[in-house]
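Dumped run-v6.pdb below, it's PDB, C-alpha atoms:
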ATOM      1  CA  MET A   1      -2.850 -32.806  35.849
ATOM      2  CA  ASN A   2      -1.455 -30.740  38.663
ATOM      3  CA  PRO A   3      -4.324 -29.126  40.634
ATOM      4  CA  ALA A   4      -1.869 -27.701  43.213
ATOM      5  CA  LEU A   5      -0.735 -25.158  40.613
ATOM      6  CA  ARG A   6      -4.237 -23.663  40.406
ATOM      7  CA  ASP A   7      -3.587 -21.769  43.656
ATOM      8  CA  ASP A   8      -0.023 -20.594  42.871
ATOM      9  CA  PRO A   9      -0.355 -16.785  42.511
ATOM     10  CA  ARG A  10       2.995 -16.466  40.689
ATOM     11  CA  ALA A  11       2.208 -19.096  38.048
ATOM     12  CA  LEU A  12       1.456 -17.834  34.554
ATOM     13  CA  ARG A  13      -1.819 -19.226  33.261
ATOM     14  CA  VAL A  14      -1.952 -19.903  29.550
ATOM     15  CA  ASN A  15      -3.733 -22.127  27.070
ATOM     16  CA  LEU A  16      -1.358 -23.761  24.614
ATOM     17  CA  THR A  17      -2.925 -24.521  21.231
ATOM     18  CA  VAL A  18      -1.368 -27.022  18.834
ATOM     19  CA  PRO A  19      -2.753 -28.677  15.716
ATOM     20  CA  SER A  20      -4.731 -31.780  16.533
ATOM     21  CA  SER A  21      -2.559 -34.445  14.977
ATOM     22  CA  GLY A  22      -4.624 -37.537  15.661
ATOM     23  CA  ILE A  23      -6.022 -39.387  12.647
ATOM     24  CA  ARG A  24      -8.547 -42.214  13.004
ATOM     25  CA  ILE A  25      -9.085 -44.817  10.321
ATOM     26  CA  GLY A  26     -11.563 -47.335  11.634
ATOM     27  CA  PRO A  27     -10.043 -49.003  14.696
ATOM     28  CA  PHE A  28      -6.588 -47.551  13.979
ATOM     29  CA  ALA A  29      -5.323 -44.237  15.371
ATOM     30  CA  ILE A  30      -2.197 -42.392  14.269
ATOM     31  CA  ASP A  31      -0.807 -39.363  16.103
ATOM     32  CA  ALA A  32       1.868 -37.602  14.025
ATOM     33  CA  LEU A  33       2.932 -35.296  16.860
ATOM     34  CA  LYS A  34       3.337 -38.234  19.254
ATOM     35  CA  THR A  35       5.406 -40.037  16.630
ATOM     36  CA  MET A  36       7.627 -36.969  16.125
ATOM     37  CA  LEU A  37       8.120 -36.322  19.868
ATOM     38  CA  GLY A  38       8.372 -39.952  20.881
ATOM     39  CA  THR A  39       5.693 -39.442  23.544
ATOM     40  CA  ASP A  40       2.295 -37.826  23.994
ATOM     41  CA  LEU A  41       2.395 -34.007  24.314
ATOM     42  CA  GLY A  42      -0.015 -34.251  27.250
ATOM     43  CA  GLU A  43       2.519 -36.382  29.107
ATOM     44  CA  ILE A  44       5.266 -33.813  28.490
ATOM     45  CA  LEU A  45       3.001 -31.009  29.714
ATOM     46  CA  SER A  46       1.484 -32.960  32.627
ATOM     47  CA  PRO A  47       3.509 -31.248  35.414
ATOM     48  CA  MET A  48       1.942 -27.925  34.359
ATOM     49  CA  LEU A  49      -1.521 -29.083  33.232
ATOM     50  CA  VAL A  50      -4.332 -27.689  35.376
ATOM     51  CA  GLY A  51      -7.262 -29.108  33.424
ATOM     52  CA  PRO A  52      -8.107 -31.629  30.737
ATOM     53  CA  ARG A  53      -7.038 -31.186  27.122
ATOM     54  CA  GLN A  54      -9.857 -29.874  24.948
ATOM     55  CA  THR A  55     -10.349 -29.741  21.211
ATOM     56  CA  ARG A  56     -11.450 -26.612  19.338
ATOM     57  CA  THR A  57     -12.320 -25.965  15.693
ATOM     58  CA  LEU A  58     -10.898 -22.690  14.387
ATOM     59  CA  PRO A  59     -12.766 -20.304  12.070
ATOM     60  CA  THR A  60     -10.235 -21.283   9.366
ATOM     61  CA  GLY A  61     -11.404 -24.906   9.636
ATOM     62  CA  GLY A  62      -8.351 -26.297  11.409
ATOM     63  CA  VAL A  63      -8.697 -28.264  14.626
ATOM     64  CA  VAL A  64      -6.452 -27.608  17.622
ATOM     65  CA  ASP A  65      -5.871 -29.282  20.946
ATOM     66  CA  VAL A  66      -5.977 -26.825  23.852
ATOM     67  CA  TYR A  67      -3.848 -27.519  26.944
ATOM     68  CA  PRO A  68      -4.602 -25.326  30.025
ATOM     69  CA  LEU A  69      -1.291 -24.703  31.796
ATOM     70  CA  ALA A  70       0.007 -22.961  34.907
ATOM     71  CA  ILE A  71       3.741 -22.281  34.627
ATOM     72  CA  PRO A  72       5.371 -21.736  38.051
ATOM     73  CA  ASP A  73       7.904 -18.936  38.463
ATOM     74  CA  GLY A  74      11.328 -20.163  37.389
ATOM     75  CA  GLU A  75       9.903 -23.242  35.638
ATOM     76  CA  GLY A  76       9.322 -24.171  32.021
ATOM     77  CA  LEU A  77      10.149 -26.754  29.422
ATOM     78  CA  SER A  78      11.634 -27.065  25.985
ATOM     79  CA  ILE A  79      11.434 -29.814  23.436
ATOM     80  CA  PRO A  80      14.420 -30.416  21.125
ATOM     81  CA  LEU A  81      13.532 -30.472  17.428
ATOM     82  CA  LYS A  82      16.461 -32.328  15.885
ATOM     83  CA  LEU A  83      17.323 -30.128  12.884
ATOM     84  CA  PHE A  84      15.429 -27.000  13.927
ATOM     85  CA  GLY A  85      16.578 -26.097  17.449
ATOM     86  CA  GLU A  86      13.909 -26.368  20.107
ATOM     87  CA  VAL A  87      10.518 -25.063  21.120
ATOM     88  CA  GLY A  88       9.374 -24.246  24.632
ATOM     89  CA  PHE A  89       8.614 -21.654  27.271
ATOM     90  CA  ARG A  90       9.427 -20.659  30.845
ATOM     91  CA  ASN A  91       8.190 -18.243  33.511
ATOM     92  CA  MET A  92      10.917 -15.739  34.342
ATOM     93  CA  GLN A  93       9.689 -13.500  37.177
ATOM     94  CA  GLY A  94       6.259 -13.079  35.612
ATOM     95  CA  PHE A  95       7.435 -12.813  32.006
ATOM     96  CA  LEU A  96       6.655 -15.638  29.619
ATOM     97  CA  VAL A  97       9.858 -16.493  27.761
ATOM     98  CA  LEU A  98       9.142 -18.154  24.422
ATOM     99  CA  ILE A  99      11.825 -20.484  23.076
ATOM    100  CA  LEU A 100      11.649 -21.035  19.325
ATOM    101  CA  PRO A 101      13.754 -22.175  16.406
ATOM    102  CA  ALA A 102      15.697 -19.131  15.153
ATOM    103  CA  GLY A 103      13.976 -19.473  11.756
ATOM    104  CA  LEU A 104      10.692 -18.374  13.374
ATOM    105  CA  ALA A 105      12.144 -15.218  14.957
ATOM    106  CA  GLU A 106      10.850 -12.826  12.297
ATOM    107  CA  VAL A 107       7.344 -14.322  12.256
ATOM    108  CA  VAL A 108       7.071 -14.057  16.044
ATOM    109  CA  ARG A 109       8.620 -10.561  16.087
ATOM    110  CA  GLU A 110       5.874  -9.430  13.692
ATOM    111  CA  GLN A 111       3.222 -11.020  15.942
ATOM    112  CA  LEU A 112       4.664  -9.177  18.969
ATOM    113  CA  ALA A 113       5.442  -5.850  17.228
ATOM    114  CA  SER A 114       2.859  -3.877  19.210
ATOM    115  CA  GLU A 115       3.948  -5.393  22.526
ATOM    116  CA  ILE A 116       7.631  -4.751  21.737
ATOM    117  CA  ALA A 117       6.843  -1.117  20.840
ATOM    118  CA  ASN A 118       4.941  -0.717  24.140
ATOM    119  CA  LYS A 119       7.736  -2.352  26.201
ATOM    120  CA  MET A 120       5.472  -5.312  27.049
ATOM    121  CA  ALA A 121       7.797  -7.683  25.178
ATOM    122  CA  ALA A 122      11.454  -7.935  24.211
ATOM    123  CA  GLY A 123      13.345  -9.975  21.679
ATOM    124  CA  PRO A 124      14.448 -11.808  19.822
ATOM    125  CA  ARG A 125      17.551 -12.841  21.676
ATOM    126  CA  ILE A 126      19.405 -15.313  19.456
ATOM    127  CA  THR A 127      21.343 -17.894  21.449
ATOM    128  CA  THR A 128      22.275 -21.563  21.577
ATOM    129  CA  GLY A 129      19.666 -23.820  23.170
ATOM    130  CA  GLY A 130      20.232 -26.685  25.559
ATOM    131  CA  SER A 131      20.216 -29.174  22.675
ATOM    132  CA  GLY A 132      22.914 -27.216  20.808
ATOM    133  CA  GLY A 133      20.643 -25.675  18.150
ATOM    134  CA  ILE A 134      20.279 -21.956  17.482
ATOM    135  CA  ILE A 135      17.141 -20.555  19.104
ATOM    136  CA  ALA A 136      15.320 -17.251  19.472
ATOM    137  CA  GLU A 137      13.912 -16.146  22.825
ATOM    138  CA  PHE A 138      11.198 -13.548  23.388
ATOM    139  CA  ALA A 139      10.100 -12.289  26.806
ATOM    140  CA  VAL A 140       6.435 -11.253  26.990
ATOM    141  CA  ARG A 141       4.450  -9.616  29.804
ATOM    142  CA  LEU A 142       1.081 -11.370  29.507
ATOM    143  CA  VAL A 143      -2.153  -9.411  29.657
ATOM    144  CA  PRO A 144      -5.332 -11.352  30.477
ATOM    145  CA  GLY A 145      -7.037 -12.311  27.228
ATOM    146  CA  MET A 146      -3.893 -11.812  25.103
ATOM    147  CA  ARG A 147      -3.727 -14.306  22.237
ATOM    148  CA  LYS A 148      -0.842 -14.896  19.841
ATOM    149  CA  SER A 149      -0.493 -17.677  17.301
ATOM    150  CA  ILE A 150       1.421 -18.831  14.272
ATOM    151  CA  PRO A 151      -1.133 -19.949  11.670
ATOM    152  CA  LEU A 152      -0.390 -23.240   9.946
ATOM    153  CA  GLY A 153      -2.993 -23.039   7.181
ATOM    154  CA  GLY A 154      -5.731 -25.641   7.169
ATOM    155  CA  VAL A 155      -4.111 -27.763   9.888
ATOM    156  CA  GLY A 156      -4.525 -25.164  12.624
ATOM    157  CA  GLU A 157      -2.033 -23.100  14.584
ATOM    158  CA  ILE A 158       0.502 -23.081  17.355
ATOM    159  CA  GLY A 159      -0.464 -20.464  19.877
ATOM    160  CA  LEU A 160      -0.739 -19.190  23.422
ATOM    161  CA  GLU A 161      -3.688 -17.528  25.098
ATOM    162  CA  ALA A 162      -3.264 -15.720  28.415
ATOM    163  CA  ALA A 163      -5.980 -16.840  30.808
ATOM    164  CA  ALA A 164      -8.301 -14.104  31.968
TER     165      ALA A 164
END

In structure tokens, write the structure found in this file.
Amino acid sequence: MNPALRDDPRALRVNLTVPSSGIRIGPFAIDALKTMLGTDLGEILSPMLVGPRQTRTLPTGGVVDVYPLAIPDGEGLSIPLKLFGEVGFRNMQGFLVLILPAGLAEVVREQLASEIANKMAAGPRITTGGSGGIIAEFAVRLVPGMRKSIPLGGVGEIGLEAAA
């Protein structure tokens, strides 16, 4: 955790929600996301974490892990997804730039349609990511309480919530 970020007025404050991927069978624990990434997501996010990870059950029955983040201006991260591009985000002068596999561009554009129409968001910008894959980028002006997610059925969602 990085408590110093709590006082940074230019940092974007968001809660990242991802499906809880831990499975316990007696004394054994398996974390599919950790296996896929090669490390714990909390470790990847630790430079921007401003509080402990929490778990939440969604109305749809899925369970998500919630990571409270503060993203400093000019900072961000992206995670390469071998065959799919990459996924990530960065703070660009107060806009949250979402970095996604190009195949998700239409789904995210639909989620942001109102914000794009009201000039609170722009995108997608299709480009090549740092890992060489084709990605889509969206720039979003966050409004306190704003919540956007990509539902993943019974397993949960991937989403962002702007802190109030």

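Atom pair CA of Pro59 in chain A / CA of Leu41 in chain A: separated by 23.8 Å.
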
Subject >> Target residues per the PyMOL selection byres ((chain A and resi 91-105) around 7), formatted as a PyMOL selection string >> reply: chain A and resi 10+12+71-76+84-90+106-109+124+126+134-142

Can you write just those residues out, C-alpha atoms, as a compact mmCIF listing (two decimals), in the coordinates of the input?
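Saved as again-v2.txt:
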# COMPACT_ATOMS: atom_id res chain seq x y z
CA ARG A 10 3.00 -16.47 40.69
CA LEU A 12 1.46 -17.83 34.55
CA ILE A 71 3.74 -22.28 34.63
CA PRO A 72 5.37 -21.74 38.05
CA ASP A 73 7.90 -18.94 38.46
CA GLY A 74 11.33 -20.16 37.39
CA GLU A 75 9.90 -23.24 35.64
CA GLY A 76 9.32 -24.17 32.02
CA PHE A 84 15.43 -27.00 13.93
CA GLY A 85 16.58 -26.10 17.45
CA GLU A 86 13.91 -26.37 20.11
CA VAL A 87 10.52 -25.06 21.12
CA GLY A 88 9.37 -24.25 24.63
CA PHE A 89 8.61 -21.65 27.27
CA ARG A 90 9.43 -20.66 30.84
CA GLU A 106 10.85 -12.83 12.30
CA VAL A 107 7.34 -14.32 12.26
CA VAL A 108 7.07 -14.06 16.04
CA ARG A 109 8.62 -10.56 16.09
CA PRO A 124 14.45 -11.81 19.82
CA ILE A 126 19.40 -15.31 19.46
CA ILE A 134 20.28 -21.96 17.48
CA ILE A 135 17.14 -20.56 19.10
CA ALA A 136 15.32 -17.25 19.47
CA GLU A 137 13.91 -16.15 22.82
CA PHE A 138 11.20 -13.55 23.39
CA ALA A 139 10.10 -12.29 26.81
CA VAL A 140 6.44 -11.25 26.99
CA ARG A 141 4.45 -9.62 29.80
CA LEU A 142 1.08 -11.37 29.51

Residues in the PyMOL selection byres ((chain A and resi 148-150) around 7), expressed as a PDB file with C-alpha atoms, keeping the file's coordinate frame:
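Result written to expr_30.pdb:
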ATOM      1  CA  GLN A 111       3.222 -11.020  15.942  1.00  0.00           C
ATOM      2  CA  MET A 146      -3.893 -11.812  25.103  1.00  0.00           C
ATOM      3  CA  ARG A 147      -3.727 -14.306  22.237  1.00  0.00           C
ATOM      4  CA  PRO A 151      -1.133 -19.949  11.670  1.00  0.00           C
ATOM      5  CA  LEU A 152      -0.390 -23.240   9.946  1.00  0.00           C
ATOM      6  CA  GLU A 157      -2.033 -23.100  14.584  1.00  0.00           C
ATOM      7  CA  ILE A 158       0.502 -23.081  17.355  1.00  0.00           C
ATOM      8  CA  GLY A 159      -0.464 -20.464  19.877  1.00  0.00           C
ATOM      9  CA  LEU A 160      -0.739 -19.190  23.422  1.00  0.00           C
ATOM     10  CA  GLU A 161      -3.688 -17.528  25.098  1.00  0.00           C
TER      11      GLU A 161
END

**OP:** Could you tell me how far CA of Pro144 in chain A lies from CA of Gly129 in chain A, in Å and to one decimal?
**Re:**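 Straight-line distance from CA of Pro144 in chain A to CA of Gly129 in chain A works out to 28.9 Å.
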
Original post:
Distance CA of Val155 in chain A-CA of Arg13 in chain A, one decimal place?
Top reply: 25.0 Å

**OP:** Please return, as an NGL selection string, all polymer residues that have at least one atom within 6 Å of the point (-4.8, -23.2, 23.9); use all atoms listed in the file and the file's own coordinate frame.
**Re:** :A and (15-17 or 66-67 or 160-161)

Subject >> Shortest interatomic distance to Leu49 in chain A - which of A:Gly133, A:Gly145, A:Pro68, A:Gly153, counting all atoms listed in the file >> reply: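 Answer, going by the shortest atom-to-atom distance: A:Pro68.
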
Could you write out as lines of an AutoDock Vina configuration file the box around range 50-58 of chain A (axis-aligned, all atoms listed in the file, 3 Å on each side), with centre and edge lengths in Å to one decimal?
center_x = -8.3
center_y = -27.2
center_z = 24.9
size_x = 14.0
size_y = 14.9
size_z = 27.0

**OP:** With a distance cut-off of 8 Å and all atoms listed in the file, select the neighbouring residues of Val64 in chain A, excluding the residue or stretch itself and same-chain residues fewer than 2 positions from it, and output the selection as a list in words.
**Re:**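 Selected residues are Thr17, Val18, Pro19, Ser20, Thr55, Arg56, Thr57, Leu58, Gly62, Val66, Gly156 and Glu157 of chain A.
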